[in-house]
Every structure is written in C-alpha cells, then in structure tokens.
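Some notes on the structure that comes next.
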Amino acid sequence: MLSSAPLFAAAGPGELGTLTAASFPRRLGKGQVLFVEGERSDHLYIVVSGRLKVLVGSPHGGELLLAVLSVGDSVGELSMLDGGLRSATAEALDEVNLVAIPADAVRAVLATSADLALAWAQDLALTVRRLTGSAADLVFLDLPRRLAKLLVAAGDSEVDLGMSQSEVAARLGVTRQSLNRALSGFTPRGWTRVDGSTVRLSDRAALARFAGS
C-alpha cells in the first residue's frame with residue numbers, strides 16, 4: 001500500500017521496509033473524526049479505502065471543505081514536516097481504512113533519501129497550486145461559475161458528487177440554500193439535470209464556457 005501511494009513512489013525497498021515496520025492500521029466509521037484542527041500532529045495517514053473530507057471551521061460554525069481524499073491519498077504532511085498543530089480537521093465521509101505512520105519514522109527516512117524528499121516537495125507544490133487556484137476562485141468567481149467549474153472538472157457527463165448538498169456547499173464556501181439556487185439555475189438553460197446526488201451534464205460545453213466567462 002505504501003509503495004502505491006504517490007508520496008512514497010520514490011521510496012526504495014529499505015525505506016519502505018522501515019516505514020512498514022513502524023506503521024499500523026486505523027479504521028474509522030462514517031462521520032468519525034480522524035483529527036481536529038489545532039491538535040498535536042504525531043502521524044501521517046494514507047487512505048486504503050473509503051473517503052476523508054478535510055475542512056477548516058469558523059468560530060461561528062461555518063465550514064470550508066478543502067479536499068476530499070480517497071485511496072492512495074495522504075493527510076497530515078504539513079504538520080508532520082514542521083511540527084506544528086493540525087491546520088484542518090479530517091472526518092470520514094464513509095467507512096475508512098488507513099495506514100498510520102509515526103511522524104518520527106517518516107522524518108528519519110526523508111533525512112536519508114534525496115529522491116524521496118524531492119518527491120515530497122513536488123507533491124506539496126501541487127497542493128499549494130491547487131489551494132492557490134481555489135482561493136482565487138473564491139475571490140474572483142461568483143457561486144454559479146464556481147459550481148460550473150466544479151462540475152466540468154469532474155470530466156464526465158454524469159457527475160456523482162458523492163457528498164451531501166451541505167458538504168458540496170462547504171466545498172464551495174457557501175450555504176446549502178445558495179448552492180441549490182445556483183444549481184437550479186442551470187436546469188432551465190438546458191445545461192444540467194439533477195437526480196439525487198448525481199448531476200447529469202446535458203451541455204458540458206456550455207457549462208465550460210460559462211465557468212470561464
């Protein structure tokens with residue numbers, strides 16, 4: 001499992017053996033919290049099955065969904081590297097199986113492998129680029145265009161959001177009511193049809209033009 005995770009793709013047999021010896025399984029039920037924003041960070045986690053949502057909250061109870069993680073994805077890299085507190089909360093969207101790796105073991109391996117350290121730096125660079133784009137969208141795009149961009153990025157004619165409308169709203173930084181209004185505005189134009197959590201893109205090209213306008 002570790003060798004198939006992008007973060008450890010550059011690791012050699014000896015390094016993988018060291019990490020495997022220190023690792024242990026962790027299981028979460030749907031809705032169970034893996035860790036909370038502001039907690040101490042002692043482990044890195046790799047998703048074996050299921051999905052995790054990573055979010056930040058406001059003092060007033062609002063949420064902003066940063067990412068949805070699935071098989072092979074990792075969580076906890078930043079706090080593990082800088083020794084700081086958790087910068088976000090991770091919660092299971094469904095039943096989740098994980099591999100937990102102690103932070104000390106990962107840091108020790110990174111200190112001895114330039115190739116692995118470079119792979120980590122490149123992965124973190126991709127994360128920064130993604131979050132930079134998301135922050136720009138929140139500032140420069142209105143909700144209908146952010147929603148259109150999310151649907152088009154899924155790359156299929158049928159998009160199973162895989163989350164409740166409240167969770168999708170949190171991903172876009174809005175309320176559920178605002179999300180419903182934006183989504184219902186696409187149907188009269190002939191761009192989408194909604195069936196539960198599935199959104200069928202009747203005119204993906206038009207949605208793409210709208211998202212980029």
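The chains in the structure tokens are called A, B, ... from first to last as shown; in each chain the residues are counted from 1, and the ligands are counted from 1 in the order shown.
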Taking 5 positions as the minimum chain separation for residues in the same chain, which residues sit within 9 Å of A:Ser79 when counting only C-alpha atoms? Answer as a PDB file with C-alpha atoms, in the first residue's frame.
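That gives us result_14.pdb:
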```pdb
ATOM      1  CA  ARG A  40      -0.876  17.931  18.027  1.00  0.00           C
ATOM      2  CA  SER A  41       0.408  16.047  14.999  1.00  0.00           C
ATOM      3  CA  ASP A  42       2.138  12.701  15.540  1.00  0.00           C
ATOM      4  CA  HIS A  43       1.176  10.644  12.487  1.00  0.00           C
ATOM      5  CA  LEU A  44       0.838  10.714   8.725  1.00  0.00           C
ATOM      6  CA  GLY A  84       3.060  22.441  14.101  1.00  0.00           C
ATOM      7  CA  LEU A  85      -0.519  21.769  15.118  1.00  0.00           C
ATOM      8  CA  ARG A  86      -3.082  20.336  12.702  1.00  0.00           C
ATOM      9  CA  SER A  87      -4.160  23.056  10.279  1.00  0.00           C
TER      10      SER A  87
END
```
Residues near A:Leu7, cut-off 12 Å, only C-alpha atoms, skip fewer than 5 positions along chain, as an mmCIF file with C-alpha atoms, in the first residue's frame:
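Produced file result.cif, reproduced below:
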```cif
data_model
loop_
_atom_site.group_PDB
_atom_site.id
_atom_site.type_symbol
_atom_site.label_atom_id
_atom_site.label_comp_id
_atom_site.auth_asym_id
_atom_site.auth_seq_id
_atom_site.Cartn_x
_atom_site.Cartn_y
_atom_site.Cartn_z
ATOM 1 C CA MET A 1 0.000 0.000 0.000
ATOM 2 C CA LEU A 2 2.800 2.439 0.848
ATOM 3 C CA LEU A 16 9.564 1.073 2.569
ATOM 4 C CA LEU A 44 0.838 10.714 8.725
ATOM 5 C CA TYR A 45 -2.081 8.763 7.249
ATOM 6 C CA ILE A 46 -2.545 7.002 3.893
ATOM 7 C CA VAL A 47 -6.096 6.183 2.768
ATOM 8 C CA GLY A 72 -3.736 6.381 -2.059
ATOM 9 C CA ASP A 73 -4.123 9.958 -0.847
ATOM 10 C CA SER A 74 -2.324 11.138 2.269
ATOM 11 C CA VAL A 75 -3.169 13.563 5.042
ATOM 12 C CA GLY A 76 -1.005 15.130 7.730
ATOM 13 C CA GLU A 77 2.110 16.022 5.727
ATOM 14 C CA VAL A 106 8.821 9.440 8.123
ATOM 15 C CA LEU A 110 13.226 11.706 4.437
ATOM 16 C CA ASP A 115 14.837 11.372 -4.116
ATOM 17 C CA LEU A 116 12.035 10.887 -1.614
ATOM 18 C CA ALA A 117 12.459 14.391 -0.196
ATOM 19 C CA LEU A 118 12.219 15.834 -3.724
ATOM 20 C CA ALA A 119 9.062 13.813 -4.412
ATOM 21 C CA TRP A 120 7.525 15.246 -1.239
ATOM 22 C CA ALA A 121 8.477 18.782 -2.236
ATOM 23 C CA GLN A 122 6.842 18.295 -5.645
ATOM 24 C CA ASP A 123 3.672 16.901 -4.051
ATOM 25 C CA LEU A 124 3.465 19.872 -1.681
ATOM 26 C CA LEU A 126 0.957 20.661 -6.365
#
```
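If only C-alpha atoms are the atoms counted, then among A:Ser3, A:Asn180, A:Ser49, A:Ser58 the closest residue to A:Asn97 is A:Ser49.
With atom CA of A:Arg171 on one side and atom CA of A:Thr132 on the other, the separation reads 14.5 Å.
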Run DSSP on the backbone and tell me which residues of stretch 15-183 of chain A come out as strand (DSSP E); list them as a PyMOL selection string.
chain A and resi 24-28+33-35+43-49+52-57+63-69+74-75+89-92+96-102+158-160
Find the residues around A:Thr89 up to 12 Å (only C-alpha atoms counted), leave out those fewer than 6 positions away in its own chain, and share them as a PDB file with N, CA and C atoms, in the first residue's frame.
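Final file, out_4.pdb:
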```pdb
ATOM      1  N   GLY A  31     -18.536   9.441   9.504  1.00  0.00           N
ATOM      2  CA  GLY A  31     -18.752  10.574  10.394  1.00  0.00           C
ATOM      3  C   GLY A  31     -17.743  10.684  11.522  1.00  0.00           C
ATOM      4  N   GLN A  32     -16.890   9.669  11.685  1.00  0.00           N
ATOM      5  CA  GLN A  32     -15.899   9.710  12.762  1.00  0.00           C
ATOM      6  C   GLN A  32     -14.754  10.650  12.383  1.00  0.00           C
ATOM      7  N   VAL A  33     -14.257  11.384  13.363  1.00  0.00           N
ATOM      8  CA  VAL A  33     -13.198  12.364  13.134  1.00  0.00           C
ATOM      9  C   VAL A  33     -11.834  11.715  13.352  1.00  0.00           C
ATOM     10  N   LEU A  34     -10.941  11.897  12.388  1.00  0.00           N
ATOM     11  CA  LEU A  34      -9.574  11.378  12.500  1.00  0.00           C
ATOM     12  C   LEU A  34      -8.730  12.284  13.383  1.00  0.00           C
ATOM     13  N   PHE A  35      -8.780  13.567  13.113  1.00  0.00           N
ATOM     14  CA  PHE A  35      -8.138  14.562  13.969  1.00  0.00           C
ATOM     15  C   PHE A  35      -8.823  15.900  13.777  1.00  0.00           C
ATOM     16  N   VAL A  36      -8.575  16.815  14.714  1.00  0.00           N
ATOM     17  CA  VAL A  36      -9.252  18.110  14.743  1.00  0.00           C
ATOM     18  C   VAL A  36      -8.228  19.223  14.573  1.00  0.00           C
ATOM     19  N   GLU A  37      -8.623  20.257  13.873  1.00  0.00           N
ATOM     20  CA  GLU A  37      -7.797  21.446  13.708  1.00  0.00           C
ATOM     21  C   GLU A  37      -7.298  21.935  15.062  1.00  0.00           C
ATOM     22  N   GLY A  38      -5.982  22.163  15.174  1.00  0.00           N
ATOM     23  CA  GLY A  38      -5.395  22.644  16.410  1.00  0.00           C
ATOM     24  C   GLY A  38      -4.801  21.560  17.288  1.00  0.00           C
ATOM     25  N   GLU A  39      -5.029  20.269  16.948  1.00  0.00           N
ATOM     26  CA  GLU A  39      -4.443  19.174  17.715  1.00  0.00           C
ATOM     27  C   GLU A  39      -2.959  19.017  17.399  1.00  0.00           C
ATOM     28  N   ARG A  40      -2.256  18.304  18.309  1.00  0.00           N
ATOM     29  CA  ARG A  40      -0.876  17.931  18.027  1.00  0.00           C
ATOM     30  C   ARG A  40      -0.840  16.928  16.885  1.00  0.00           C
ATOM     31  N   SER A  41       0.274  16.919  16.163  1.00  0.00           N
ATOM     32  CA  SER A  41       0.408  16.047  14.999  1.00  0.00           C
ATOM     33  C   SER A  41       1.517  15.032  15.239  1.00  0.00           C
ATOM     34  N   LEU A  52     -12.089  10.545   2.991  1.00  0.00           N
ATOM     35  CA  LEU A  52     -11.990  11.516   4.080  1.00  0.00           C
ATOM     36  C   LEU A  52     -12.269  12.903   3.525  1.00  0.00           C
ATOM     37  N   LYS A  53     -12.938  13.727   4.310  1.00  0.00           N
ATOM     38  CA  LYS A  53     -13.031  15.136   3.941  1.00  0.00           C
ATOM     39  C   LYS A  53     -12.143  15.941   4.883  1.00  0.00           C
ATOM     40  N   VAL A  54     -11.456  16.927   4.312  1.00  0.00           N
ATOM     41  CA  VAL A  54     -10.558  17.791   5.078  1.00  0.00           C
ATOM     42  C   VAL A  54     -11.154  19.185   5.036  1.00  0.00           C
ATOM     43  N   LEU A  55     -11.357  19.791   6.211  1.00  0.00           N
ATOM     44  CA  LEU A  55     -12.073  21.061   6.272  1.00  0.00           C
ATOM     45  C   LEU A  55     -11.509  21.952   7.371  1.00  0.00           C
ATOM     46  N   VAL A  56     -11.787  23.230   7.241  1.00  0.00           N
ATOM     47  CA  VAL A  56     -11.496  24.196   8.299  1.00  0.00           C
ATOM     48  C   VAL A  56     -12.814  24.830   8.722  1.00  0.00           C
ATOM     49  N   GLY A  57     -12.899  25.189  10.002  1.00  0.00           N
ATOM     50  CA  GLY A  57     -14.130  25.759  10.515  1.00  0.00           C
ATOM     51  C   GLY A  57     -13.943  27.181  11.004  1.00  0.00           C
ATOM     52  N   SER A  58     -15.053  27.902  11.142  1.00  0.00           N
ATOM     53  CA  SER A  58     -15.030  29.258  11.677  1.00  0.00           C
ATOM     54  C   SER A  58     -15.576  29.238  13.100  1.00  0.00           C
ATOM     55  N   GLU A  63     -18.138  26.110   7.720  1.00  0.00           N
ATOM     56  CA  GLU A  63     -17.093  25.189   7.285  1.00  0.00           C
ATOM     57  C   GLU A  63     -16.680  25.510   5.855  1.00  0.00           C
ATOM     58  N   LEU A  64     -15.394  25.278   5.564  1.00  0.00           N
ATOM     59  CA  LEU A  64     -14.891  25.343   4.207  1.00  0.00           C
ATOM     60  C   LEU A  64     -14.194  24.029   3.917  1.00  0.00           C
ATOM     61  N   LEU A  65     -14.713  23.284   2.956  1.00  0.00           N
ATOM     62  CA  LEU A  65     -14.153  21.991   2.592  1.00  0.00           C
ATOM     63  C   LEU A  65     -12.941  22.200   1.697  1.00  0.00           C
ATOM     64  N   LEU A  66     -11.784  21.728   2.147  1.00  0.00           N
ATOM     65  CA  LEU A  66     -10.543  21.918   1.399  1.00  0.00           C
ATOM     66  C   LEU A  66     -10.295  20.807   0.391  1.00  0.00           C
ATOM     67  N   ALA A  67     -10.654  19.575   0.754  1.00  0.00           N
ATOM     68  CA  ALA A  67     -10.358  18.442  -0.126  1.00  0.00           C
ATOM     69  C   ALA A  67     -11.170  17.233   0.298  1.00  0.00           C
ATOM     70  N   VAL A  68     -11.386  16.335  -0.669  1.00  0.00           N
ATOM     71  CA  VAL A  68     -11.936  15.008  -0.396  1.00  0.00           C
ATOM     72  C   VAL A  68     -10.873  14.009  -0.822  1.00  0.00           C
ATOM     73  N   VAL A  75      -2.762  12.402   4.271  1.00  0.00           N
ATOM     74  CA  VAL A  75      -3.169  13.563   5.042  1.00  0.00           C
ATOM     75  C   VAL A  75      -2.256  13.672   6.262  1.00  0.00           C
ATOM     76  N   GLY A  76      -1.852  14.899   6.569  1.00  0.00           N
ATOM     77  CA  GLY A  76      -1.005  15.130   7.730  1.00  0.00           C
ATOM     78  C   GLY A  76       0.420  15.504   7.406  1.00  0.00           C
TER      79      GLY A  76
END
```
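Among the candidates A:Leu81, A:Val174, A:Val48, A:Ala208, the residue lying nearest to A:Ala153 is A:Ala208 (atoms considered: only C-alpha atoms).
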